[in-house]
>>> print(open('run_13.tsv').read())   # TSV, C-alpha atoms
chain	number	residue	atom	x	y	z
A	261	MET	CA	-23.61	76.51	-12.83
A	262	ALA	CA	-27.35	76.56	-13.34
A	263	SER	CA	-29.15	73.41	-14.34
A	264	ALA	CA	-30.65	73.06	-17.80
A	265	GLY	CA	-33.98	74.10	-16.39
A	266	HIS	CA	-32.52	77.46	-15.47
A	267	HIS	CA	-31.04	78.08	-18.89
A	268	GLY	CA	-33.20	80.79	-20.36
A	269	GLY	CA	-35.67	80.30	-17.54
A	270	MET	CA	-37.46	77.46	-19.35
A	271	ARG	CA	-40.62	76.91	-17.35
A	272	ALA	CA	-43.18	74.15	-17.05
A	273	GLU	CA	-46.00	76.69	-17.19
A	274	SER	CA	-45.73	77.14	-20.99
A	275	GLN	CA	-48.89	75.54	-22.32
A	276	ALA	CA	-47.41	74.41	-25.64
A	277	ALA	CA	-44.35	74.97	-27.76
A	278	PRO	CA	-45.03	77.71	-30.29
A	279	ALA	CA	-45.62	76.45	-33.83
A	280	HIS	CA	-43.23	78.97	-35.38
A	281	PRO	CA	-40.28	79.94	-33.16
A	282	GLY	CA	-38.96	82.10	-36.01
A	283	LEU	CA	-42.12	84.25	-35.92
A	284	VAL	CA	-41.84	84.60	-32.14
A	285	LEU	CA	-38.23	85.78	-32.53
A	286	LEU	CA	-39.31	88.20	-35.28
A	287	ALA	CA	-41.98	89.71	-33.01
A	288	LEU	CA	-39.49	90.06	-30.16
A	289	ALA	CA	-36.85	91.53	-32.49
A	290	MET	CA	-39.32	94.17	-33.72
A	291	GLY	CA	-39.48	95.49	-30.15
A	292	GLY	CA	-35.68	95.53	-30.11
A	293	PHE	CA	-35.77	97.47	-33.39
A	294	ALA	CA	-38.06	100.13	-31.88
A	295	ILE	CA	-35.96	100.41	-28.71
A	296	GLY	CA	-32.67	100.47	-30.60
A	297	THR	CA	-33.93	103.15	-32.96
A	298	THR	CA	-34.89	105.53	-30.17
A	299	GLU	CA	-31.87	104.77	-27.97
A	300	PHE	CA	-29.28	105.43	-30.67
A	301	ALA	CA	-31.21	107.91	-32.86
A	302	THR	CA	-31.55	110.26	-29.89
A	303	MET	CA	-27.76	110.55	-29.92
A	304	SER	CA	-27.62	111.23	-33.66
A	305	LEU	CA	-30.48	113.77	-33.42
A	306	LEU	CA	-28.79	115.56	-30.51
A	307	PRO	CA	-27.61	118.61	-32.52
A	308	TYR	CA	-31.14	119.11	-33.90
A	309	PHE	CA	-33.23	118.83	-30.75
A	310	ALA	CA	-30.62	120.89	-28.88
A	311	ARG	CA	-31.33	123.75	-31.30
A	312	GLY	CA	-35.07	123.06	-31.25
A	313	LEU	CA	-35.26	123.22	-27.45
A	314	GLY	CA	-32.84	126.16	-27.18
A	315	ILE	CA	-30.08	124.37	-25.24
A	316	ASP	CA	-26.37	123.65	-25.90
A	317	GLU	CA	-25.18	120.17	-26.93
A	318	PRO	CA	-23.57	119.08	-23.62
A	319	THR	CA	-26.88	119.98	-21.87
A	320	ALA	CA	-28.80	118.06	-24.54
A	321	GLY	CA	-26.66	115.03	-23.58
A	322	HIS	CA	-28.65	114.93	-20.32
A	323	VAL	CA	-31.69	113.88	-22.40
A	324	ILE	CA	-29.77	110.72	-23.32
A	325	SER	CA	-28.57	110.15	-19.77
A	326	VAL	CA	-32.08	110.51	-18.30
A	327	TYR	CA	-33.40	107.87	-20.73
A	328	ALA	CA	-30.61	105.58	-19.53
A	329	LEU	CA	-31.56	106.37	-15.93
A	330	GLY	CA	-35.13	105.31	-16.74
A	331	VAL	CA	-33.80	101.94	-17.95
A	332	VAL	CA	-31.64	101.50	-14.86
A	333	VAL	CA	-34.60	102.23	-12.54
A	334	GLY	CA	-37.33	100.55	-14.59
A	335	ALA	CA	-35.69	97.19	-15.28
A	336	PRO	CA	-35.39	95.90	-11.68
A	337	VAL	CA	-38.56	97.59	-10.37
A	338	ILE	CA	-40.75	96.22	-13.18
A	339	ALA	CA	-39.11	92.76	-13.08
A	340	VAL	CA	-39.82	92.46	-9.35
A	341	LEU	CA	-43.33	93.97	-9.29
A	342	ALA	CA	-44.43	91.99	-12.38
A	343	ALA	CA	-43.09	88.64	-11.09
A	344	ARG	CA	-46.59	87.11	-11.09
A	345	LEU	CA	-47.51	88.26	-14.63
A	346	SER	CA	-47.19	86.01	-17.68
A	347	ARG	CA	-44.29	86.95	-19.93
A	348	ARG	CA	-46.56	87.57	-22.93
A	349	THR	CA	-48.80	89.97	-20.96
A	350	LEU	CA	-45.76	91.77	-19.59
A	351	LEU	CA	-44.16	92.21	-23.04
A	352	ILE	CA	-47.38	93.68	-24.47
A	353	GLY	CA	-47.79	96.09	-21.54
A	354	LEU	CA	-44.17	97.24	-21.68
A	355	MET	CA	-44.34	98.01	-25.41
A	356	ALA	CA	-47.63	99.91	-25.00
A	357	VAL	CA	-46.04	102.19	-22.37
A	358	PHE	CA	-42.95	102.59	-24.57
A	359	ALA	CA	-45.12	103.64	-27.53
A	360	ALA	CA	-47.03	106.24	-25.49
A	361	ALA	CA	-43.87	107.76	-23.97
A	362	ASN	CA	-42.16	108.12	-27.36
A	363	VAL	CA	-45.19	109.81	-28.91
A	364	ALA	CA	-45.21	112.16	-25.90
A	365	SER	CA	-41.48	112.87	-26.50
A	366	ALA	CA	-42.35	113.97	-30.04
A	367	PHE	CA	-44.67	116.63	-28.59
A	368	SER	CA	-42.29	117.87	-25.86
A	369	PRO	CA	-42.90	121.63	-25.45
A	370	SER	CA	-39.69	122.29	-23.48
A	371	TYR	CA	-36.38	120.80	-22.27
A	372	GLY	CA	-37.95	119.98	-18.88
A	373	TRP	CA	-40.81	118.00	-20.43
A	374	MET	CA	-38.38	116.28	-22.79
A	375	LEU	CA	-36.45	115.01	-19.75
A	376	VAL	CA	-39.67	113.67	-18.19
A	377	PHE	CA	-40.84	111.88	-21.34
A	378	ARG	CA	-37.41	110.39	-22.09
A	379	PHE	CA	-37.21	109.04	-18.52
A	380	LEU	CA	-40.65	107.41	-18.97
A	381	SER	CA	-39.54	106.01	-22.37
A	382	GLY	CA	-36.59	104.31	-20.68
A	383	LEU	CA	-38.61	102.56	-17.96
A	384	PRO	CA	-39.85	99.58	-20.09
A	385	HIS	CA	-36.57	99.11	-22.02
A	386	GLY	CA	-34.59	96.78	-19.74
A	387	ALA	CA	-37.52	94.66	-18.60
A	388	TYR	CA	-38.62	94.18	-22.23
A	389	PHE	CA	-35.21	92.94	-23.38
A	390	GLY	CA	-34.78	90.80	-20.27
A	391	VAL	CA	-38.13	89.04	-20.65
A	392	ALA	CA	-37.70	88.76	-24.45
A	393	ALA	CA	-34.31	87.06	-23.91
A	394	LEU	CA	-35.87	84.50	-21.55
A	395	VAL	CA	-38.70	83.75	-23.99
A	396	ALA	CA	-36.19	83.37	-26.85
A	397	ALA	CA	-33.91	81.06	-24.82
A	398	SER	CA	-36.91	78.89	-23.86
A	399	LEU	CA	-37.53	78.10	-27.56
A	400	VAL	CA	-34.19	76.29	-28.15
A	401	PRO	CA	-31.88	73.72	-26.50
A	402	PRO	CA	-29.53	75.15	-23.81
A	403	GLN	CA	-26.44	74.89	-26.02
A	404	ARG	CA	-28.01	77.32	-28.53
A	405	ARG	CA	-29.45	79.86	-26.09
A	406	ALA	CA	-26.88	82.63	-26.72
A	407	GLN	CA	-27.68	82.51	-30.43
A	408	ALA	CA	-31.44	82.62	-29.71
A	409	VAL	CA	-30.94	85.61	-27.40
A	410	SER	CA	-28.85	87.28	-30.12
A	411	ARG	CA	-31.81	87.04	-32.52
A	412	THR	CA	-33.85	89.30	-30.23
A	413	MET	CA	-30.86	91.64	-29.91
A	414	LEU	CA	-30.55	91.71	-33.72
A	415	GLY	CA	-33.59	93.98	-33.74
A	416	LEU	CA	-31.50	96.51	-31.83
A	417	THR	CA	-28.44	96.11	-34.05
A	418	VAL	CA	-30.46	96.29	-37.29
A	419	ALA	CA	-31.96	99.46	-35.84
A	420	THR	CA	-28.47	100.96	-35.80
A	421	ILE	CA	-28.12	100.17	-39.54
A	422	VAL	CA	-31.64	101.03	-40.74
A	423	GLY	CA	-33.65	102.65	-37.95
A	424	VAL	CA	-31.12	105.21	-36.75
A	425	PRO	CA	-30.13	106.55	-40.19
A	426	MET	CA	-33.86	106.58	-41.09
A	427	ALA	CA	-34.72	108.55	-37.93
A	428	ASN	CA	-31.75	110.86	-38.52
A	429	TRP	CA	-32.84	111.47	-42.11
A	430	ILE	CA	-36.46	112.03	-41.05
A	431	GLY	CA	-35.19	114.38	-38.32
A	432	GLN	CA	-33.23	116.41	-40.87
A	433	ALA	CA	-36.01	116.43	-43.50
A	434	LEU	CA	-39.18	116.82	-41.38
A	435	GLY	CA	-37.90	117.91	-37.96
A	436	TRP	CA	-36.48	115.99	-34.99
A	437	ARG	CA	-39.93	115.38	-33.46
A	438	TRP	CA	-40.80	112.96	-36.28
A	439	GLY	CA	-37.81	110.81	-35.26
A	440	PHE	CA	-39.57	110.03	-31.96
A	441	GLY	CA	-43.04	109.73	-33.52
A	442	VAL	CA	-41.87	106.96	-35.88
A	443	VAL	CA	-40.56	104.98	-32.87
A	444	GLY	CA	-44.02	105.19	-31.29
A	445	LEU	CA	-45.52	103.58	-34.40
A	446	LEU	CA	-42.86	100.82	-34.43
A	447	ALA	CA	-43.69	100.06	-30.79
A	448	LEU	CA	-47.40	99.75	-31.58
A	449	LEU	CA	-46.53	97.30	-34.39
A	450	THR	CA	-44.57	95.26	-31.81
A	451	VAL	CA	-47.61	95.14	-29.50
A	452	LEU	CA	-49.61	93.62	-32.36
A	453	LEU	CA	-46.93	91.07	-33.33
A	454	VAL	CA	-46.30	89.91	-29.75
A	455	TRP	CA	-50.04	89.57	-29.17
A	456	ILE	CA	-50.36	87.38	-32.28
A	457	PHE	CA	-47.19	85.25	-32.10
A	458	ALA	CA	-45.79	85.08	-28.55
A	459	PRO	CA	-46.57	81.83	-26.71
A	460	ASN	CA	-49.30	81.93	-24.08
A	461	ASP	CA	-47.68	81.17	-20.75
A	462	ARG	CA	-48.68	81.11	-17.11
A	463	PRO	CA	-46.51	82.57	-14.35
A	464	HIS	CA	-44.57	80.03	-12.30
A	465	PRO	CA	-46.71	79.03	-9.26
A	466	ASP	CA	-43.80	79.94	-6.95
A	467	ALA	CA	-43.07	83.27	-8.70
A	468	SER	CA	-42.88	86.20	-6.31
A	469	PRO	CA	-41.11	89.54	-5.92
A	470	LEU	CA	-39.10	88.07	-3.04
A	471	ARG	CA	-37.83	85.16	-5.14
A	472	GLU	CA	-36.70	87.54	-7.89
A	473	LEU	CA	-34.89	89.72	-5.35
A	474	GLY	CA	-32.83	86.62	-4.48
A	475	ALA	CA	-30.64	87.46	-7.50
A	476	LEU	CA	-29.26	90.45	-5.60
A	477	LYS	CA	-27.65	88.17	-2.99
A	478	ARG	CA	-25.32	86.57	-5.55
A	479	ARG	CA	-21.83	88.03	-6.00
A	480	GLN	CA	-21.44	86.71	-9.54
A	481	VAL	CA	-24.64	88.51	-10.61
A	482	TRP	CA	-23.20	91.83	-9.38
A	483	LEU	CA	-19.80	91.20	-10.97
A	484	THR	CA	-21.38	90.32	-14.33
A	485	LEU	CA	-23.45	93.51	-14.17
A	486	GLY	CA	-20.30	95.47	-13.29
A	487	ILE	CA	-18.54	94.20	-16.44
A	488	GLY	CA	-21.37	95.62	-18.56
A	489	ALA	CA	-21.88	98.86	-16.60
A	490	ILE	CA	-18.22	99.87	-16.94
A	491	GLY	CA	-16.97	97.98	-20.01
A	492	PHE	CA	-19.84	99.01	-22.32
A	493	GLY	CA	-19.53	102.67	-21.29
A	494	GLY	CA	-16.62	103.11	-23.69
A	495	MET	CA	-18.73	102.55	-26.78
A	496	PHE	CA	-21.34	105.05	-25.61
A	497	ALA	CA	-18.69	107.67	-24.76
A	498	VAL	CA	-17.73	107.81	-28.44
A	499	TYR	CA	-21.10	107.06	-30.09
A	500	THR	CA	-22.97	109.82	-28.25
A	501	TYR	CA	-20.76	112.51	-29.75
A	502	VAL	CA	-19.92	110.83	-33.06
A	503	ALA	CA	-22.33	113.01	-35.10
A	504	SER	CA	-20.80	116.18	-33.65
A	505	THR	CA	-17.25	114.80	-34.09
A	506	LEU	CA	-17.93	113.96	-37.75
A	507	MET	CA	-19.20	117.48	-38.45
A	508	GLU	CA	-16.66	119.40	-36.32
A	509	VAL	CA	-13.43	117.35	-36.72
A	510	THR	CA	-13.85	115.15	-39.81
A	511	GLN	CA	-15.85	118.01	-41.38
A	512	VAL	CA	-18.27	115.86	-43.34
A	513	SER	CA	-21.60	117.20	-44.56
A	514	PRO	CA	-24.67	116.43	-42.39
A	515	SER	CA	-25.90	114.06	-45.13
A	516	ALA	CA	-22.86	111.79	-44.58
A	517	VAL	CA	-23.55	111.33	-40.86
A	518	PRO	CA	-26.33	108.69	-41.30
A	519	VAL	CA	-23.99	106.67	-43.56
A	520	VAL	CA	-21.28	106.46	-40.87
A	521	LEU	CA	-23.96	105.63	-38.28
A	522	ALA	CA	-25.09	102.75	-40.53
A	523	VAL	CA	-21.45	101.54	-40.66
A	524	PHE	CA	-21.47	101.48	-36.84
A	525	GLY	CA	-24.70	99.46	-36.96
A	526	ALA	CA	-23.19	96.97	-39.41
A	527	GLY	CA	-20.31	96.46	-36.98
A	528	MET	CA	-22.71	95.96	-34.09
A	529	THR	CA	-24.69	93.37	-36.08
A	530	VAL	CA	-21.53	91.43	-37.03
A	531	GLY	CA	-20.32	91.65	-33.41
A	532	THR	CA	-23.63	90.36	-32.04
A	533	LEU	CA	-23.75	87.35	-34.40
A	534	VAL	CA	-20.09	86.37	-33.92
A	535	SER	CA	-20.12	86.87	-30.14
A	536	ALA	CA	-23.28	84.73	-29.78
A	537	TRP	CA	-21.66	81.90	-31.76
A	538	ALA	CA	-18.48	82.18	-29.68
A	539	ALA	CA	-20.35	82.49	-26.37
A	540	ASP	CA	-22.12	79.16	-26.92
A	541	ARG	CA	-18.62	77.62	-27.10
A	542	ALA	CA	-16.48	79.62	-24.63
A	543	LEU	CA	-18.56	82.13	-22.70
A	544	MET	CA	-16.22	84.11	-20.43
A	545	PRO	CA	-13.20	84.10	-22.80
A	546	THR	CA	-15.53	85.68	-25.40
A	547	VAL	CA	-16.36	88.47	-22.93
A	548	ALA	CA	-12.65	89.16	-22.32
A	549	PHE	CA	-11.84	89.24	-26.04
A	550	ILE	CA	-14.65	91.73	-26.77
A	551	LEU	CA	-13.44	94.07	-24.01
A	552	LEU	CA	-9.86	93.96	-25.34
A	553	TRP	CA	-11.12	94.56	-28.89
A	554	SER	CA	-13.18	97.53	-27.69
A	555	ALA	CA	-10.26	99.09	-25.80
A	556	GLY	CA	-8.04	98.87	-28.89
A	557	SER	CA	-10.71	100.19	-31.28
A	558	LEU	CA	-11.62	103.13	-29.04
A	559	ALA	CA	-7.95	104.07	-28.62
A	560	LEU	CA	-7.67	104.30	-32.44
A	561	PHE	CA	-10.61	106.74	-32.71
A	562	PRO	CA	-8.66	109.97	-31.94
A	563	PHE	CA	-6.08	109.09	-34.64
A	564	ALA	CA	-8.70	108.25	-37.28
A	565	ALA	CA	-11.15	111.12	-36.74
A	566	GLY	CA	-9.50	113.44	-39.28
A	567	ASN	CA	-10.22	111.18	-42.27
A	568	VAL	CA	-13.73	110.01	-43.18
A	569	TRP	CA	-12.54	106.63	-44.56
A	570	LEU	CA	-10.32	105.81	-41.59
A	571	VAL	CA	-12.93	106.93	-39.07
A	572	SER	CA	-15.56	104.75	-40.81
A	573	VAL	CA	-13.34	101.67	-40.42
A	574	VAL	CA	-12.72	102.46	-36.74
A	575	VAL	CA	-16.42	103.18	-36.12
A	576	PHE	CA	-17.20	99.73	-37.61
A	577	MET	CA	-14.64	98.17	-35.23
A	578	ILE	CA	-16.15	100.04	-32.25
A	579	GLY	CA	-19.59	98.80	-33.33
A	580	CYS	CA	-18.35	95.19	-33.25
A	581	GLY	CA	-17.76	95.69	-29.51
A	582	GLY	CA	-21.55	96.02	-29.16
A	583	GLY	CA	-21.66	92.22	-29.22
A	584	LEU	CA	-20.88	92.23	-25.49
A	585	GLY	CA	-24.57	92.17	-24.53
A	586	THR	CA	-25.40	88.61	-25.58
A	587	PRO	CA	-22.56	86.79	-23.73
A	588	LEU	CA	-23.29	88.73	-20.54
A	589	GLN	CA	-27.01	87.88	-20.86
A	590	ALA	CA	-26.08	84.19	-21.13
A	591	ARG	CA	-23.71	84.50	-18.15
A	592	LEU	CA	-26.54	85.93	-16.03
A	593	MET	CA	-28.73	82.95	-16.96
A	594	ASP	CA	-25.99	80.73	-15.49
A	595	VAL	CA	-25.47	82.62	-12.22
A	596	ALA	CA	-28.99	83.90	-11.42
A	597	GLU	CA	-30.46	80.47	-10.49
A	598	ASP	CA	-34.23	80.92	-9.90
A	599	ALA	CA	-34.28	84.74	-10.16
A	600	GLN	CA	-34.05	84.73	-13.96
A	601	THR	CA	-36.37	87.64	-14.82
A	602	LEU	CA	-34.71	90.19	-12.54
A	603	ALA	CA	-31.19	89.13	-13.55
A	604	ALA	CA	-32.06	89.28	-17.26
A	605	ALA	CA	-33.61	92.73	-16.89
A	606	LEU	CA	-30.70	93.98	-14.78
A	607	ASN	CA	-28.35	93.25	-17.71
A	608	HIS	CA	-29.98	96.18	-19.50
A	609	SER	CA	-29.84	98.31	-16.37
A	610	ALA	CA	-26.10	97.70	-16.42
A	611	PHE	CA	-25.77	98.64	-20.08
A	612	ASN	CA	-27.74	101.80	-19.54
A	613	ALA	CA	-25.66	102.65	-16.52
A	614	ALA	CA	-22.92	102.48	-19.17
A	615	ASN	CA	-25.11	104.60	-21.45
A	616	ALA	CA	-25.26	107.24	-18.70
A	617	LEU	CA	-21.62	106.90	-17.58
A	618	GLY	CA	-20.00	107.01	-21.04
A	619	PRO	CA	-21.70	110.20	-22.33
A	620	TRP	CA	-21.20	111.90	-18.94
A	621	LEU	CA	-17.45	111.21	-18.83
A	622	GLY	CA	-17.08	111.93	-22.55
A	623	GLY	CA	-18.96	115.21	-22.13
A	624	MET	CA	-16.70	116.15	-19.20
A	625	ALA	CA	-13.61	115.58	-21.36
A	626	ILE	CA	-15.05	117.73	-24.16
A	627	ALA	CA	-16.17	120.47	-21.74
A	628	ALA	CA	-12.67	120.47	-20.19
A	629	GLY	CA	-11.30	121.53	-23.58
A	630	LEU	CA	-9.72	118.19	-24.54
A	631	GLY	CA	-11.53	118.15	-27.90
A	632	TRP	CA	-14.22	115.97	-29.50
A	633	THR	CA	-11.80	113.06	-30.10
A	634	SER	CA	-10.92	112.77	-26.39
A	635	THR	CA	-13.99	110.54	-26.07
A	636	GLY	CA	-11.86	107.75	-27.61
A	637	TRP	CA	-9.42	107.79	-24.68
A	638	VAL	CA	-12.29	107.92	-22.19
A	639	GLY	CA	-13.86	104.94	-23.95
A	640	ALA	CA	-10.66	102.87	-23.98
A	641	ALA	CA	-10.21	103.44	-20.25
A	642	LEU	CA	-13.79	102.28	-19.56
A	643	ALA	CA	-13.33	99.11	-21.66
A	644	LEU	CA	-10.18	98.26	-19.68
A	645	GLY	CA	-12.12	98.96	-16.46
A	646	GLY	CA	-14.68	96.36	-17.57
A	647	LEU	CA	-11.84	93.90	-18.21
A	648	ALA	CA	-10.58	94.46	-14.64
A	649	VAL	CA	-14.05	93.56	-13.28
A	650	TRP	CA	-14.02	90.45	-15.54
A	651	ALA	CA	-10.71	89.38	-13.95
A	652	VAL	CA	-12.21	89.78	-10.44
A	653	ALA	CA	-15.25	87.72	-11.50
A	654	MET	CA	-13.06	84.92	-12.83
A	655	LEU	CA	-10.92	84.90	-9.67
A	656	ASP	CA	-14.03	84.83	-7.45
A	657	ASP	CA	-15.47	81.98	-9.54
A	658	ARG	CA	-12.26	79.97	-9.14
A	659	ILE	CA	-12.08	80.53	-5.37
A	660	THR	CA	-15.77	79.60	-4.95
A	661	SER	CA	-15.33	76.44	-7.05
A	662	ARG	CA	-12.30	75.33	-5.01
A	663	ALA	CA	-14.15	75.95	-1.75
A	664	ALA	CA	-17.14	73.95	-3.02
A	665	GLY	CA	-14.78	71.14	-4.10
A	666	ARG	CA	-13.13	71.04	-0.65
A	667	ALA	CA	-16.54	70.98	1.05
A	668	ALA	CA	-17.62	68.07	-1.17
A	669	ASP	CA	-14.40	66.18	-0.37
A	670	ALA	CA	-14.95	66.76	3.35
A	671	ARG	CA	-18.51	65.40	3.14
A	672	LEU	CA	-17.27	62.35	1.25
A	673	ALA	CA	-14.55	61.73	3.85
A	674	GLU	CA	-17.14	62.00	6.65
A	675	ALA	CA	-19.42	59.54	4.87
A	676	CYS	CA	-16.54	57.06	4.43
A	677	ALA	CA	-15.52	57.44	8.10
A	678	GLY	CA	-19.13	56.81	9.14
A	679	ASP	CA	-19.15	53.56	7.15
>>> encode(input="run_13.tsv", output="structure tokens")
Amino acid sequence: MASAGHHGGMRAESQAAPAHPGLVLLALAMGGFAIGTTEFATMSLLPYFARGLGIDEPTAGHVISVYALGVVVGAPVIAVLAARLSRRTLLIGLMAVFAAANVASAFSPSYGWMLVFRFLSGLPHGAYFGVAALVAASLVPPQRRAQAVSRTMLGLTVATIVGVPMANWIGQALGWRWGFGVVGLLALLTVLLVWIFAPNDRPHPDASPLRELGALKRRQVWLTLGIGAIGFGGMFAVYTYVASTLMEVTQVSPSAVPVVLAVFGAGMTVGTLVSAWAADRALMPTVAFILLWSAGSLALFPFAAGNVWLVSVVVFMIGCGGGLGTPLQARLMDVAEDAQTLAAALNHSAFNAANALGPWLGGMAIAAGLGWTSTGWVGAALALGGLAVWAVAMLDDRITSRAAGRAADARLAEACAGD
């Protein structure tokens, strides 16, 4: 277990505690709002930009997967290369790149260019959330870090209630390109807020790319990432195609789609708040419960899809499973030791591996003729896969702890014999 100094990567280089931690968290959450809006709105706008770019919907799903690939690649590369930068400088730079790439997405002339710009949009995503989580955790005592991290993630979850329906509505009313343009403006607002409110900090004198890469030598880091990469894929398998499922199976009007998406966002917000509270009390049991909840909710989706009221309840339940991110972020703070930035960023690489895996497997099931609702079964299987990785992580932790205990006993016996 990491020492208190490792919790949230609290560092001696901070010049002074910020006067208003709430304003810092607001600034960080605004970045989460911008990222969450584009990540989830792209899924809800899929039918529109597919038509606009002259491609079918399963092909348009690649636009979502390539964004996720950008996150997977960008998070570790940026975290390692920027090891010597201050966190405030890094956050501002990441949001500036994010703003530019989203504005470029709005002007995409073709499917090929859309893929390029969505990949570039994904690059800053994981590193931003990772660094923001460390800054948030450094503002509070260790026993409240999961709740502080959840405040930055609330920007993302509120985006699923407000930002995504707004972008979907704008996409329907003014054209899908405006959905991406609005995200660019939100990102520029974040740059301004972080510049004003984020604490000035200096990089740790020992910070280096090599030290950050040390996280990759730790088994528990990889197992924690595996829980997210597989277990979170279930939610994305359903959410990616939920707009199409609502129109094709539930047969709602396009105007009802943003309402159901907002219901999903409400579930994700509730899940994030409750899971953060629980994680500060019982971290790994919280992770297991969320994965079981997700598996059950996703398995209900095929049965509920025919009725708009039932499907709304199940979509809310699936959204609650989105609370998995905060406990896993806190777990990484425990097991990463002095490679906090890379481990924190890799959490979002893992989730966007899930964001690539879920839509890909869900799309395969649909393309195989199993129907739009088959994504629920794919999702339930992925959630149970994440639970299997959790079980391996717990077993490994127990074996390692016993071995460490035996080694300590042996050293004590040697010391006594020497006396």
>>> closest_atom_pairs(input="run_13.tsv", of="range 393-510 of chain A", to="range 358-379 of chain A", cutoff="8 Å", atoms="all atoms listed in the file", output="CSV")
residue,atom,partner,partner_atom,distance
A:Trp436,CA,A:Ala366,CA,7.9
A:Arg437,CA,A:Ala366,CA,4.4
A:Trp438,CA,A:Ala366,CA,6.5
A:Gly439,CA,A:Ala366,CA,7.6
A:Phe440,CA,A:Ala366,CA,5.2
A:Gly441,CA,A:Val363,CA,5.1
A:Val443,CA,A:Asn362,CA,6.5
A:Gly444,CA,A:Ala359,CA,4.2
A:Leu445,CA,A:Ala359,CA,6.9
A:Leu446,CA,A:Ala359,CA,7.8
A:Ala447,CA,A:Ala359,CA,5.0
A:Leu448,CA,A:Ala359,CA,6.1
>>> atom_distance(input="run_13.tsv", atom1="CA of Gly583 in chain A", atom2="CA of Ser504 in chain A")
24.4 Å
>>> residues_around(input="run_13.tsv", residues="Ile490 in chain A", least_positions_apart="3", cutoff="10 Å", atoms="all atoms listed in the file", output="list in words")
Leu485, Gly486, Ile487, Gly493, Gly494, Ala610, Phe611, Ala613, Ala614, Asn615, Leu617, Gly618, Gly639, Ala641, Leu642, Ala643, Leu644, Gly645, Gly646, Leu647, Ala648 and Val649 of chain A
>>> closest_residue(input="run_13.tsv", among="A:Pro518, A:Leu592, A:Trp632, A:Val498", to="Ile578 in chain A", atoms="all atoms listed in the file")
A:Val498
>>> closest_residue(input="run_13.tsv", among="A:Gly491, A:Gly531, A:Gly585, A:Gly623", to="Leu558 in chain A", atoms="only C-alpha atoms")
A:Gly491
>>> atom_distance(input="run_13.tsv", atom1="CA of Ala590 in chain A", atom2="CA of Ala406 in chain A")
5.9 Å
>>> atom_distance(input="run_13.tsv", atom1="CA of Ala343 in chain A", atom2="CA of Arg479 in chain A")
21.9 Å
>>> residues_around(input="run_13.tsv", residues="Arg591 in chain A", least_positions_apart="4", cutoff="9 Å", atoms="all atoms listed in the file", output="list of chain:residue names")
A:Val481, A:Thr484, A:Leu543, A:Met544, A:Thr586, A:Pro587, A:Val595, A:Ala596
>>> closest_residue(input="run_13.tsv", among="A:Val442, A:Cys580, A:Val517, A:Val571", to="Phe293 in chain A", atoms="only C-alpha atoms")
A:Val442
>>> closest_residue(input="run_13.tsv", among="A:Leu434, A:Leu584, A:Leu551, A:Met593", to="Ala640 in chain A", atoms="all atoms listed in the file")
A:Leu551
>>> closest_residue(input="run_13.tsv", among="A:Ala565, A:Ala603, A:Phe457, A:Met495", to="Trp553 in chain A", atoms="all atoms listed in the file")
A:Met495
>>> closest_residue(input="run_13.tsv", among="A:Ser325, A:Gln600, A:Asn428, A:Thr635", to="Ala393 in chain A", atoms="only C-alpha atoms")
A:Gln600
>>> residues_around(input="run_13.tsv", residues="Leu570 in chain A", least_positions_apart="3", cutoff="12 Å", atoms="all atoms listed in the file", output="ChimeraX atom specification")
/A:506,510,520,523,557,560-567,573-577
